[in-house]
$ cat start04.cif   # mmCIF, C-alpha atoms (C1' of nucleotides)
data_final
#
loop_
_atom_site.label_atom_id
_atom_site.label_comp_id
_atom_site.auth_asym_id
_atom_site.auth_seq_id
_atom_site.Cartn_x
_atom_site.Cartn_y
_atom_site.Cartn_z
CA MET A 1 220.67 49.60 -29.12
CA SER A 2 217.15 50.47 -28.07
CA GLU A 3 215.17 52.15 -30.81
CA THR A 4 214.60 55.42 -29.07
CA GLN A 5 211.70 57.79 -29.47
CA VAL A 6 208.56 55.75 -29.92
CA THR A 7 206.81 58.85 -31.21
CA LYS A 8 204.97 60.11 -28.23
CA SER A 9 203.20 62.88 -30.11
CA PRO A 10 201.70 62.11 -33.53
CA ARG A 11 204.34 62.96 -36.06
CA ARG A 12 204.29 62.80 -39.77
CA ALA A 13 205.91 59.67 -41.08
CA ASP A 14 208.55 61.51 -43.08
CA ALA A 15 209.48 63.54 -40.05
CA GLN A 16 209.91 60.44 -37.94
CA ARG A 17 211.99 58.80 -40.62
CA ASN A 18 214.27 61.77 -41.04
CA HIS A 19 214.66 62.10 -37.32
CA ASP A 20 215.85 58.53 -37.07
CA ILE A 21 218.16 58.76 -40.06
CA ILE A 22 219.80 61.92 -38.79
CA LEU A 23 220.28 60.43 -35.36
CA GLY A 24 221.75 57.27 -36.82
CA VAL A 25 224.21 59.15 -38.97
CA ALA A 26 225.16 61.38 -36.06
CA ARG A 27 225.76 58.43 -33.77
CA ALA A 28 227.98 56.75 -36.30
CA ALA A 29 229.94 59.92 -36.91
CA ILE A 30 230.40 60.56 -33.21
CA ALA A 31 231.49 57.03 -32.51
CA GLN A 32 234.05 57.32 -35.26
CA ARG A 33 235.35 60.86 -35.10
CA GLY A 34 234.26 62.22 -31.75
CA ALA A 35 231.83 64.90 -30.75
CA ASN A 36 233.28 67.51 -33.08
CA ILE A 37 230.94 66.57 -35.85
CA VAL A 38 230.12 69.07 -38.56
CA LEU A 39 226.38 69.40 -38.66
CA GLU A 40 226.15 70.16 -42.36
CA GLU A 41 228.02 66.97 -43.00
CA ILE A 42 225.59 64.99 -40.92
CA ALA A 43 222.72 66.50 -42.86
CA ARG A 44 224.36 65.71 -46.17
CA ASP A 45 225.07 62.10 -45.20
CA ALA A 46 221.51 61.76 -44.00
CA ARG A 47 220.29 63.05 -47.39
CA VAL A 48 218.48 65.83 -45.66
CA GLY A 49 218.59 69.61 -45.82
CA ILE A 50 220.40 71.44 -43.07
CA GLY A 51 217.15 73.11 -42.17
CA THR A 52 215.59 69.75 -41.48
CA LEU A 53 218.40 68.77 -39.19
CA TYR A 54 217.97 71.97 -37.22
CA ARG A 55 214.23 71.54 -36.95
CA HIS A 56 214.70 68.15 -35.35
CA PHE A 57 217.63 69.19 -33.20
CA PRO A 58 217.48 72.93 -32.64
CA THR A 59 220.96 73.15 -31.20
CA ARG A 60 224.10 71.18 -31.58
CA HIS A 61 223.76 70.16 -27.98
CA ASP A 62 220.32 68.70 -28.55
CA LEU A 63 221.75 66.39 -31.16
CA LEU A 64 224.62 65.30 -28.96
CA GLU A 65 222.22 64.66 -26.12
CA ALA A 66 219.99 62.54 -28.27
CA ALA A 67 222.95 60.61 -29.56
CA PHE A 68 224.09 60.00 -26.03
CA LEU A 69 220.73 58.81 -24.77
CA ASP A 70 221.42 55.20 -25.61
CA GLU A 71 224.66 55.20 -23.73
CA ALA A 72 223.02 56.60 -20.65
CA LEU A 73 220.40 53.88 -20.80
CA GLU A 74 223.01 51.24 -21.31
CA LEU A 75 224.98 52.47 -18.34
CA ARG A 76 221.84 52.33 -16.26
CA ASP A 77 221.17 48.76 -17.34
CA ARG A 78 224.75 47.84 -16.64
CA ALA A 79 224.40 49.20 -13.13
CA LYS A 80 221.22 47.27 -12.57
CA ASN A 81 222.85 44.06 -13.66
CA LEU A 82 225.82 44.63 -11.43
CA ALA A 83 223.61 45.39 -8.46
CA THR A 84 223.28 41.72 -7.62
CA SER A 85 226.84 40.72 -8.29
CA GLU A 86 228.95 39.17 -5.59
CA SER A 87 231.46 41.75 -4.60
CA ALA A 88 230.00 45.18 -3.97
CA ILE A 89 233.28 46.93 -4.53
CA ALA A 90 234.07 45.00 -7.68
CA ALA A 91 230.67 45.88 -9.08
CA LEU A 92 231.15 49.54 -8.39
CA VAL A 93 234.64 49.59 -9.85
CA SER A 94 233.49 47.74 -12.91
CA TRP A 95 230.69 50.20 -13.45
CA LEU A 96 232.91 53.22 -12.99
CA ARG A 97 235.26 51.72 -15.49
CA CYS A 98 232.38 51.54 -17.95
CA GLN A 99 231.60 55.15 -17.30
CA MET A 100 235.13 56.05 -18.21
CA ASP A 101 235.28 53.90 -21.28
CA PHE A 102 231.98 55.20 -22.54
CA GLY A 103 233.18 58.71 -21.99
CA ALA A 104 236.34 57.97 -23.90
CA HIS A 105 234.36 56.38 -26.66
CA GLY A 106 232.11 59.35 -27.11
CA ARG A 107 235.15 61.54 -26.62
CA SER A 108 234.51 64.69 -24.70
CA MET A 109 230.82 64.30 -25.22
CA GLY A 110 230.04 61.90 -22.44
CA ALA A 111 231.05 63.96 -19.50
CA ALA A 112 230.06 67.20 -21.12
CA VAL A 113 226.56 66.03 -21.80
CA MET A 114 226.08 64.21 -18.55
CA ASN A 115 227.27 67.06 -16.41
CA ALA A 116 225.24 69.63 -18.27
CA LYS A 117 221.97 71.02 -17.08
CA HIS A 118 219.08 69.46 -18.93
CA THR A 119 215.59 70.78 -19.27
CA GLU A 120 213.33 69.20 -16.72
CA GLY A 121 211.67 66.08 -18.00
CA SER A 122 213.63 65.76 -21.20
CA ASP A 123 214.51 62.28 -22.35
CA ILE A 124 218.15 62.74 -21.63
CA GLN A 125 217.49 64.21 -18.23
CA LEU A 126 215.33 61.29 -17.21
CA ALA A 127 217.91 58.88 -18.56
CA CYS A 128 220.70 60.55 -16.63
CA VAL A 129 218.67 60.57 -13.47
CA SER A 130 217.80 56.91 -13.73
CA MET A 131 221.38 56.07 -14.58
CA ARG A 132 222.56 57.89 -11.50
CA GLU A 133 219.97 56.24 -9.35
CA ALA A 134 221.14 52.87 -10.53
CA GLY A 135 224.70 53.92 -9.79
CA GLU A 136 223.78 55.11 -6.34
CA VAL A 137 222.68 51.58 -5.52
CA LEU A 138 226.11 50.26 -6.39
CA LEU A 139 227.82 52.96 -4.40
CA ARG A 140 225.62 52.53 -1.35
CA ARG A 141 226.11 48.81 -1.38
CA ALA A 142 229.87 49.26 -1.45
CA GLN A 143 229.63 51.76 1.35
CA GLU A 144 227.45 49.56 3.50
CA SER A 145 229.88 46.72 3.10
CA GLY A 146 232.50 49.10 4.43
CA GLU A 147 234.65 49.01 1.36
CA VAL A 148 234.00 52.57 0.28
CA LYS A 149 234.14 55.61 2.50
CA PRO A 150 230.70 56.64 3.71
CA ASP A 151 230.99 60.29 2.71
CA ILE A 152 231.68 59.76 -0.96
CA ASP A 153 229.29 61.40 -3.39
CA LEU A 154 228.45 59.63 -6.62
CA ILE A 155 228.41 62.73 -8.75
CA ASP A 156 231.88 63.62 -7.56
CA VAL A 157 233.14 60.24 -8.63
CA LEU A 158 231.41 60.39 -11.98
CA ARG A 159 232.94 63.77 -12.61
CA LEU A 160 236.32 62.42 -11.74
CA MET A 161 235.78 59.75 -14.37
CA GLY A 162 234.87 62.43 -16.85
CA GLY A 163 237.85 64.49 -15.79
CA ILE A 164 240.21 61.61 -16.44
CA VAL A 165 238.81 61.23 -19.91
CA MET A 166 239.05 64.91 -20.69
CA ALA A 167 242.53 65.25 -19.26
CA ASN A 168 243.71 62.50 -21.58
CA GLU A 169 241.92 63.55 -24.71
CA ASN A 170 245.09 64.52 -26.47
CA ALA A 171 247.74 61.87 -26.40
CA PRO A 172 245.68 59.23 -24.63
CA ASP A 173 247.89 56.65 -22.97
CA PRO A 174 245.93 53.62 -21.74
CA GLN A 175 248.40 52.89 -19.00
CA ARG A 176 248.26 56.39 -17.70
CA VAL A 177 244.49 56.29 -17.76
CA ASP A 178 244.59 53.06 -15.79
CA ARG A 179 246.87 54.55 -13.19
CA MET A 180 244.71 57.65 -12.82
CA PHE A 181 241.67 55.45 -12.47
CA GLU A 182 243.41 53.48 -9.76
CA VAL A 183 244.23 56.64 -7.85
CA VAL A 184 240.59 57.62 -7.77
CA ILE A 185 239.44 54.16 -6.79
CA SER A 186 242.01 54.11 -4.06
CA GLY A 187 240.77 57.51 -3.00
CA ILE A 188 237.22 56.40 -2.44
CA THR A 189 237.97 53.12 -0.69
CA SER A 190 238.33 52.96 3.05
CA MET B 191 254.10 89.26 -12.88
CA SER B 192 257.54 88.93 -14.40
CA GLU B 193 257.97 90.98 -17.55
CA THR B 194 258.56 88.12 -19.91
CA GLN B 195 260.56 88.08 -23.08
CA VAL B 196 263.62 90.23 -22.60
CA THR B 197 264.12 90.26 -26.35
CA LYS B 198 266.62 87.54 -26.94
CA SER B 199 266.95 88.25 -30.64
CA PRO B 200 267.25 91.85 -31.82
CA ARG B 201 263.76 92.98 -32.54
CA ARG B 202 262.49 96.25 -33.77
CA ALA B 203 261.17 98.44 -31.01
CA ASP B 204 257.65 98.65 -32.42
CA ALA B 205 257.51 94.88 -32.74
CA GLN B 206 258.54 94.40 -29.14
CA ARG B 207 256.02 96.95 -27.99
CA ASN B 208 253.19 95.38 -29.91
CA HIS B 209 254.14 91.94 -28.71
CA ASP B 210 253.91 93.08 -25.11
CA ILE B 211 250.69 94.98 -25.60
CA ILE B 212 248.99 92.04 -27.29
CA LEU B 213 250.13 89.67 -24.60
CA GLY B 214 248.96 92.01 -21.88
CA VAL B 215 245.54 92.39 -23.43
CA ALA B 216 245.26 88.66 -23.95
CA ARG B 217 246.21 87.89 -20.37
CA ALA B 218 243.63 90.29 -19.05
CA ALA B 219 240.95 88.88 -21.33
CA ILE B 220 241.77 85.31 -20.40
CA ALA B 221 241.79 86.06 -16.70
CA GLN B 222 238.41 87.66 -17.05
CA ARG B 223 236.51 85.62 -19.59
CA GLY B 224 238.46 82.39 -19.95
CA ALA B 225 240.44 80.90 -22.77
CA ASN B 226 237.71 81.39 -25.35
CA ILE B 227 239.03 84.76 -26.36
CA VAL B 228 238.22 86.13 -29.78
CA LEU B 229 241.49 86.97 -31.41
CA GLU B 230 240.14 89.83 -33.51
CA GLU B 231 238.91 91.38 -30.30
CA ILE B 232 242.31 91.08 -28.69
CA ALA B 233 243.87 92.74 -31.71
CA ARG B 234 241.34 95.54 -31.63
CA ASP B 235 241.82 96.19 -27.93
CA ALA B 236 245.57 96.17 -28.46
CA ARG B 237 245.16 98.79 -31.21
CA VAL B 238 246.83 96.46 -33.63
CA GLY B 239 245.87 94.84 -36.91
CA ILE B 240 244.85 91.22 -36.87
CA GLY B 241 247.79 90.47 -39.12
CA THR B 242 250.15 91.80 -36.52
CA LEU B 243 248.66 89.62 -33.86
CA TYR B 244 249.10 86.57 -36.04
CA ARG B 245 252.68 87.44 -36.89
CA HIS B 246 253.56 87.49 -33.22
CA PHE B 247 251.47 84.48 -32.32
CA PRO B 248 251.01 82.31 -35.41
CA THR B 249 248.34 80.17 -33.82
CA ARG B 250 245.76 80.64 -31.17
CA HIS B 251 247.62 78.10 -29.12
CA ASP B 252 250.83 80.08 -29.26
CA LEU B 253 249.09 83.02 -27.71
CA LEU B 254 247.55 80.93 -24.96
CA GLU B 255 250.91 79.38 -24.24
CA ALA B 256 252.59 82.72 -23.97
CA ALA B 257 249.85 83.97 -21.72
CA PHE B 258 250.27 80.94 -19.53
CA LEU B 259 254.04 81.19 -19.27
CA ASP B 260 253.94 83.37 -16.19
CA GLU B 261 251.72 80.97 -14.37
CA ALA B 262 254.02 78.08 -15.10
CA LEU B 263 256.94 80.04 -13.76
CA GLU B 264 255.01 81.03 -10.69
CA LEU B 265 254.06 77.44 -10.03
CA ARG B 266 257.68 76.44 -10.32
CA ASP B 267 258.70 79.11 -7.83
CA ARG B 268 255.95 78.05 -5.52
CA ALA B 269 257.23 74.51 -5.62
CA LYS B 270 260.74 75.64 -4.89
CA ASN B 271 259.61 77.62 -1.89
CA LEU B 272 257.61 74.73 -0.55
CA ALA B 273 260.53 72.34 -0.96
CA THR B 274 261.96 73.33 2.38
CA SER B 275 258.72 73.52 4.29
CA GLU B 276 258.16 71.37 7.34
CA SER B 277 255.65 68.77 6.32
CA ALA B 278 256.42 67.04 3.07
CA ILE B 279 252.86 65.99 2.51
CA ALA B 280 251.45 69.38 3.39
CA ALA B 281 253.82 70.99 0.93
CA LEU B 282 252.78 68.66 -1.85
CA VAL B 283 249.09 69.09 -1.16
CA SER B 284 249.44 72.82 -1.02
CA TRP B 285 251.22 72.86 -4.34
CA LEU B 286 248.68 70.62 -6.01
CA ARG B 287 245.99 72.88 -4.74
CA CYS B 288 247.76 75.76 -6.45
CA GLN B 289 247.86 73.79 -9.64
CA MET B 290 244.16 73.34 -9.49
CA ASP B 291 243.37 76.93 -8.62
CA PHE B 292 245.61 78.24 -11.36
CA GLY B 293 243.92 75.93 -13.79
CA ALA B 294 240.54 77.15 -12.68
CA HIS B 295 241.67 80.72 -12.98
CA GLY B 296 242.81 80.33 -16.54
CA ARG B 297 239.78 78.16 -17.14
CA SER B 298 240.37 75.24 -19.41
CA MET B 299 243.57 76.77 -20.60
CA GLY B 300 245.83 75.64 -17.82
CA ALA B 301 245.50 71.93 -18.21
CA ALA B 302 245.10 72.11 -21.95
CA VAL B 303 248.29 74.04 -22.40
CA MET B 304 250.29 72.15 -19.86
CA ASN B 305 249.35 68.75 -21.15
CA ALA B 306 249.95 69.67 -24.75
CA LYS B 307 253.04 68.82 -26.67
CA HIS B 308 255.33 71.78 -27.02
CA THR B 309 258.06 72.33 -29.53
CA GLU B 310 261.39 71.39 -28.08
CA GLY B 311 263.12 74.29 -26.42
CA SER B 312 260.23 76.72 -26.56
CA ASP B 313 259.80 79.04 -23.63
CA ILE B 314 256.67 77.35 -22.49
CA GLN B 315 258.20 73.92 -22.82
CA LEU B 316 261.16 74.86 -20.70
CA ALA B 317 258.89 76.48 -18.17
CA CYS B 318 256.70 73.40 -17.96
CA VAL B 319 259.68 71.14 -17.61
CA SER B 320 261.21 73.18 -14.85
CA MET B 321 257.85 73.43 -13.14
CA ARG B 322 257.49 69.69 -13.23
CA GLU B 323 261.00 69.17 -11.98
CA ALA B 324 260.28 71.41 -9.04
CA GLY B 325 257.10 69.46 -8.43
CA GLU B 326 258.92 66.17 -8.60
CA VAL B 327 261.00 67.28 -5.66
CA LEU B 328 257.90 67.80 -3.59
CA LEU B 329 256.46 64.48 -4.63
CA ARG B 330 259.65 62.54 -3.98
CA ARG B 331 260.04 64.11 -0.59
CA ALA B 332 256.52 63.09 0.34
CA GLN B 333 257.18 59.61 -0.95
CA GLU B 334 260.43 59.24 0.94
CA SER B 335 258.74 60.27 4.12
CA GLY B 336 256.31 57.45 3.48
CA GLU B 337 253.27 59.65 3.25
CA VAL B 338 252.64 59.16 -0.44
CA LYS B 339 252.61 55.85 -2.28
CA PRO B 340 255.92 55.15 -3.96
CA ASP B 341 254.48 54.34 -7.37
CA ILE B 342 252.64 57.58 -7.94
CA ASP B 343 253.55 59.52 -11.06
CA LEU B 344 253.56 63.29 -10.95
CA ILE B 345 252.10 63.76 -14.39
CA ASP B 346 249.20 61.53 -13.51
CA VAL B 347 248.45 63.66 -10.49
CA LEU B 348 248.78 66.89 -12.41
CA ARG B 349 246.39 65.59 -15.02
CA LEU B 350 243.96 64.65 -12.34
CA MET B 351 244.10 68.22 -11.13
CA GLY B 352 243.42 69.41 -14.64
CA GLY B 353 240.64 66.88 -14.99
CA ILE B 354 238.93 68.18 -11.89
CA VAL B 355 239.04 71.67 -13.27
CA MET B 356 237.70 70.64 -16.63
CA ALA B 357 234.98 68.47 -15.18
CA ASN B 358 233.71 71.43 -13.20
CA GLU B 359 233.97 74.09 -15.82
CA ASN B 360 230.25 74.46 -16.15
CA ALA B 361 228.50 74.98 -12.86
CA PRO B 362 231.61 75.08 -10.69
CA ASP B 363 230.78 74.27 -7.09
CA PRO B 364 233.70 75.01 -4.75
CA GLN B 365 232.62 72.38 -2.26
CA ARG B 366 232.40 69.74 -4.90
CA VAL B 367 235.81 70.69 -6.19
CA ASP B 368 237.18 70.41 -2.68
CA ARG B 369 235.71 66.97 -2.25
CA MET B 370 237.07 65.76 -5.57
CA PHE B 371 240.45 67.13 -4.65
CA GLU B 372 240.31 65.26 -1.37
CA VAL B 373 239.52 62.02 -3.15
CA VAL B 374 242.61 62.35 -5.28
CA ILE B 375 244.81 63.30 -2.35
CA SER B 376 243.48 60.37 -0.42
CA GLY B 377 244.19 58.20 -3.43
CA ILE B 378 247.87 59.04 -3.56
CA THR B 379 248.57 58.82 0.15
CA SER B 380 249.61 55.58 1.74
"C1'" DA C 381 189.37 60.42 -56.27
"C1'" DT C 382 190.04 65.42 -54.93
"C1'" DA C 383 190.94 69.18 -52.37
"C1'" DC C 384 192.70 71.23 -48.40
"C1'" DT C 385 195.94 72.46 -44.81
"C1'" DA C 386 199.01 71.65 -41.10
"C1'" DT C 387 203.32 69.86 -41.10
"C1'" DA C 388 207.71 69.23 -42.84
"C1'" DC C 389 211.36 70.03 -46.25
"C1'" DG C 390 215.53 72.35 -48.15
"C1'" DG C 391 218.94 75.47 -49.14
"C1'" DA C 392 220.23 80.39 -49.72
"C1'" DG C 393 222.44 83.43 -47.02
"C1'" DG C 394 223.83 86.12 -42.80
"C1'" DA C 395 226.88 86.00 -38.82
"C1'" DA C 396 231.01 84.85 -36.33
"C1'" DG C 397 235.69 83.20 -36.14
"C1'" DC C 398 239.99 81.79 -37.91
"C1'" DC C 399 243.83 82.70 -40.60
"C1'" DT C 400 246.54 84.26 -45.05
"C1'" DC C 401 248.25 87.29 -48.25
"C1'" DC C 402 250.24 91.24 -49.92
"C1'" DG C 403 250.59 96.23 -50.63
"C1'" DT C 404 252.07 99.97 -47.47
"C1'" DT C 405 254.66 101.94 -43.75
"C1'" DT C 406 258.56 102.59 -40.69
"C1'" DG C 407 262.60 101.84 -37.53
"C1'" DC C 408 267.25 102.15 -37.77
"C1'" DA C 409 272.00 101.46 -39.64
"C1'" DA C 410 275.13 103.38 -42.65
"C1'" DT D 411 269.45 111.38 -45.83
"C1'" DT D 412 268.70 107.44 -47.73
"C1'" DG D 413 267.64 102.46 -48.37
"C1'" DC D 414 265.69 98.39 -47.12
"C1'" DA D 415 264.69 94.61 -44.00
"C1'" DA D 416 261.32 94.28 -40.74
"C1'" DA D 417 256.89 95.16 -39.30
"C1'" DC D 418 252.19 96.77 -39.99
"C1'" DG D 419 247.20 96.31 -41.13
"C1'" DG D 420 243.07 94.88 -42.97
"C1'" DA D 421 240.60 92.98 -47.01
"C1'" DG D 422 238.98 88.78 -47.98
"C1'" DG D 423 238.71 83.59 -48.28
"C1'" DC D 424 237.34 79.66 -45.69
"C1'" DT D 425 234.62 77.02 -42.40
"C1'" DT D 426 230.93 76.23 -39.45
"C1'" DC D 427 226.84 77.65 -37.16
"C1'" DC D 428 222.12 78.75 -37.46
"C1'" DT D 429 217.71 81.29 -39.39
"C1'" DC D 430 214.27 82.27 -42.52
"C1'" DC D 431 210.88 81.52 -45.74
"C1'" DG D 432 209.14 79.80 -50.16
"C1'" DT D 433 207.98 75.08 -51.72
"C1'" DA D 434 206.43 70.33 -51.26
"C1'" DT D 435 203.67 66.72 -49.26
"C1'" DA D 436 201.34 63.43 -45.76
"C1'" DG D 437 197.20 62.71 -43.96
"C1'" DT D 438 192.35 63.85 -43.60
"C1'" DA D 439 187.83 65.24 -44.74
"C1'" DT D 440 184.54 65.25 -48.39
#

$ encode --input "start04.cif" --output "structure tokens"
Amino acid sequence: MSETQVTKSPRRADAQRNHDIILGVARAAIAQRGANIVLEEIARDARVGIGTLYRHFPTRHDLLEAAFLDEALELRDRAKNLATSESAIAALVSWLRCQMDFGAHGRSMGAAVMNAKHTEGSDIQLACVSMREAGEVLLRRAQESGEVKPDIDLIDVLRLMGGIVMANENAPDPQRVDRMFEVVISGITS
Amino acid sequence: MSETQVTKSPRRADAQRNHDIILGVARAAIAQRGANIVLEEIARDARVGIGTLYRHFPTRHDLLEAAFLDEALELRDRAKNLATSESAIAALVSWLRCQMDFGAHGRSMGAAVMNAKHTEGSDIQLACVSMREAGEVLLRRAQESGEVKPDIDLIDVLRLMGGIVMANENAPDPQRVDRMFEVVISGITS
DNA sequence: ATACTATACGGAGGAAGCCTCCGTTTGCAA
DNA sequence: TTGCAAACGGAGGCTTCCTCCGTATAGTAT
């Protein structure tokens, strides 16, 4: 994973360290138990006061966003790699599948964070934008090759991925998820 | 709306009255502000102690379920009415659209409640089952007429409806919802 | 080295919700 | 009327969120 936050503004060393520790603990907790982390617990595991956690991440959402940043970047990279693959449709499908799996991995967080409004210019906002741009390339390529309907909107499809994840949060059944995924794929192909 | 709960077991009059009042208040609150109701507030508005509310509805979920019962019944009736309509596919699509709109109306509640596991034989469970059965008729009819793929599963489709609702909970854009709905419909048709 | 100060730390505590427990009240059957 | 099972109600415990402010310290200037 990319070591985020290269300290753009001069920051005291202890602050930077705590920031990174908190984020690391939060990421681990989210990966393991989902987005319903208890912030006091994160602070405790990070050997940091709760006040410190809140200074670095003023709201719960800020922390989730930061934790999700890496995934957004990875999804962008994935899209870029797939952009030159042979089959346009296969590339798109593969990428959408990643979107879904990442969402499932981060539990409800993925879709929730990615669909949310972000403050202009924030790290996560830029990451989401660039991820979408990379995805657009895949979609357009599949559309130009005539395999995907021309009037399909990427955001719609991404939300459908998120919707599948959310709809299966309780009692997730891999086979059902697969079938629902197939329905959507079938729905966007010509 | 049907006046639910015709007192199957002998219940003291005050208990019955409070039950109905609480449910009525909860329904109104949910319809207006979504499923994130504050239970103490419901109790206060119902002129009832919080303890009373919890005796009637031991968990938050129980209350949401009860509030949703009517909608499930209405959806079942809707399906039954549509079962004799002319176009099989139009009937199915119309019903699915209802599913989605009802879900949006009750906010996240609809899908959450309907997908959840219910105790065997509970009112809501029976209602959901009979609603699904009525829906199955519509689906099968559309499949037999060759308009919908034969391997489509109703639950999958219902979850997709719920997923669309959930994915658009923040910043709901009717046009986007329509497009996402169309994708799914297109995905289940032959 | 020392002193100074902007920056950061930490945790007590208030607020909001959820839910339980138990003493009090009341419908209603005899 | 009387008795009691059924129902009521709200104080209070628990959890989690977040704020506030006194204390500590990294980094700099002397």

$ closest_atom_pairs --input "start04.cif" --of "chain A" --to "chain B" --cutoff "10 Å" --atoms "all atoms listed in the file" --output "CSV"
residue,atom,partner,partner_atom,distance
A:Ala111,CA,B:Ala357,CA,7.4
A:Ala112,CA,B:Ala357,CA,7.8
A:Asn115,CA,B:Ala357,CA,7.9
A:Ala116,CA,B:Asn360,CA,7.3
A:Lys117,CA,B:Ala361,CA,8.7
A:Asp151,CA,B:Arg369,CA,9.6
A:Ile152,CA,B:Arg369,CA,8.4
A:Asp153,CA,B:Arg369,CA,8.6
A:Ile155,CA,B:Arg366,CA,8.9
A:Asp156,CA,B:Met370,CA,6.0
A:Val157,CA,B:Met370,CA,7.4
A:Leu158,CA,B:Ala357,CA,9.4
A:Arg159,CA,B:Ala357,CA,5.7
A:Leu160,CA,B:Ile354,CA,6.3
A:Met161,CA,B:Gly353,CA,8.7
A:Gly162,CA,B:Ala357,CA,6.3
A:Gly163,CA,B:Gly353,CA,3.8
A:Ile164,CA,B:Gly353,CA,5.5
A:Val165,CA,B:Gly353,CA,7.7
A:Met166,CA,B:Gly353,CA,6.2
A:Ala167,CA,B:Gly353,CA,4.9
A:Asn168,CA,B:Arg349,CA,7.7
A:Glu169,CA,B:Ala302,CA,9.5
A:Asn170,CA,B:Ala306,CA,7.3
A:Ala171,CA,B:Ala306,CA,8.3
A:Arg176,CA,B:Asp346,CA,6.7
A:Val177,CA,B:Asp346,CA,8.2
A:Asp178,CA,B:Asp346,CA,9.9
A:Arg179,CA,B:Asp346,CA,7.4
A:Met180,CA,B:Asp346,CA,6.0
A:Phe181,CA,B:Leu350,CA,9.5
A:Glu182,CA,B:Gly377,CA,7.9
A:Val183,CA,B:Gly377,CA,4.7
A:Val184,CA,B:Gly377,CA,5.7
A:Ile185,CA,B:Gly377,CA,7.1
A:Ser186,CA,B:Gly377,CA,4.7
A:Gly187,CA,B:Gly377,CA,3.5
A:Ile188,CA,B:Val373,CA,6.1
A:Thr189,CA,B:Gly377,CA,8.5
A:Ser190,CA,B:Ser376,CA,9.7

$ interface_residues --input "start04.cif" --of "chain B" --to "chain D" --cutoff "9 Å" --atoms "only C-alpha atoms (C1' of nucleotides)" --output "PyMOL selection string"
chain B and resi 201-202+204-205+238-242

$ interface_residues --input "start04.cif" --of "chain C" --to "chain B" --cutoff "9 Å" --atoms "all atoms listed in the file" --output "list in words"
DG397, DC398, DC399, DT400, DG407 and DC408 of chain C

$ atom_distance --input "start04.cif" --atom1 "CA of Gln99 in chain A" --atom2 "CA of Arg78 in chain A"
10.0 Å

$ atom_distance --input "start04.cif" --atom1 "CA of Val25 in chain A" --atom2 "CA of Pro172 in chain A"
25.8 Å

$ residues_around --input "start04.cif" --residues "Arg141 in chain A" --least-positions-apart "3" --cutoff "6 Å" --atoms "only C-alpha atoms (C1' of nucleotides)" --output "ChimeraX atom specification"
/A:88,138,144

$ atom_distance --input "start04.cif" --atom1 "CA of Ile227 in chain B" --atom2 "CA of Asp291 in chain B"
19.9 Å

$ axis_aligned_box --input "start04.cif" --around "range 149-156 of chain A" --padding-each-side "6 Å" --output "lines of an AutoDock Vina configuration file"
center_x = 231.3
center_y = 59.6
center_z = -2.5
size_x = 17.7
size_y = 20.0
size_z = 24.5

$ resolve_selection --input "start04.cif" --expression "the PyMOL selection byres ((chain A and resi 82) around 9)" --output "short mmCIF file (atom, residue, chain, number, x, y, z; two decimals) with C-alpha atoms, keeping the file's coordinate frame"
data_model
loop_
_atom_site.label_atom_id
_atom_site.label_comp_id
_atom_site.auth_asym_id
_atom_site.auth_seq_id
_atom_site.Cartn_x
_atom_site.Cartn_y
_atom_site.Cartn_z
CA ASP A 77 221.17 48.76 -17.34
CA ARG A 78 224.75 47.84 -16.64
CA ALA A 79 224.40 49.20 -13.13
CA LYS A 80 221.22 47.27 -12.57
CA ASN A 81 222.85 44.06 -13.66
CA ALA A 83 223.61 45.39 -8.46
CA THR A 84 223.28 41.72 -7.62
CA SER A 85 226.84 40.72 -8.29
CA GLU A 86 228.95 39.17 -5.59
CA ALA A 88 230.00 45.18 -3.97
CA ALA A 91 230.67 45.88 -9.08
CA LEU A 92 231.15 49.54 -8.39
CA SER A 94 233.49 47.74 -12.91
CA TRP A 95 230.69 50.20 -13.45
CA LEU A 138 226.11 50.26 -6.39
#

$ closest_residue --input "start04.cif" --among "A:Ile30, A:Ile21, A:Ala134, A:Val93" --to "Glu147 in chain A" --atoms "all atoms listed in the file"
A:Val93

$ closest_residue --input "start04.cif" --among "B:Arg322, B:Arg287, B:Arg217, B:Arg223" --to "Leu253 in chain B" --atoms "only C-alpha atoms"
B:Arg217

$ decode --input "start04.cif" --residues "range 416-430 of chain D" --atoms "C-alpha atoms (C1' of nucleotides)" --output "CSV table (one decimal), in the first residue's frame"
chain,number,residue,atom,x,y,z
D,416,DA,C1',-51.2,-7.4,33.3
D,417,DA,C1',-49.6,-3.1,32.0
D,418,DC,C1',-47.4,1.3,32.9
D,419,DG,C1',-43.5,4.6,33.4
D,420,DG,C1',-39.3,6.6,34.0
D,421,DA,C1',-34.9,6.5,36.6
D,422,DG,C1',-30.6,5.0,35.5
D,423,DG,C1',-26.9,2.1,33.5
D,424,DC,C1',-24.4,1.3,29.4
D,425,DT,C1',-22.1,2.6,25.0
D,426,DT,C1',-20.4,5.6,21.7
D,427,DC,C1',-19.7,10.1,20.0
D,428,DC,C1',-17.3,14.4,20.3
D,429,DT,C1',-15.5,18.9,22.8
D,430,DC,C1',-12.8,21.4,25.8
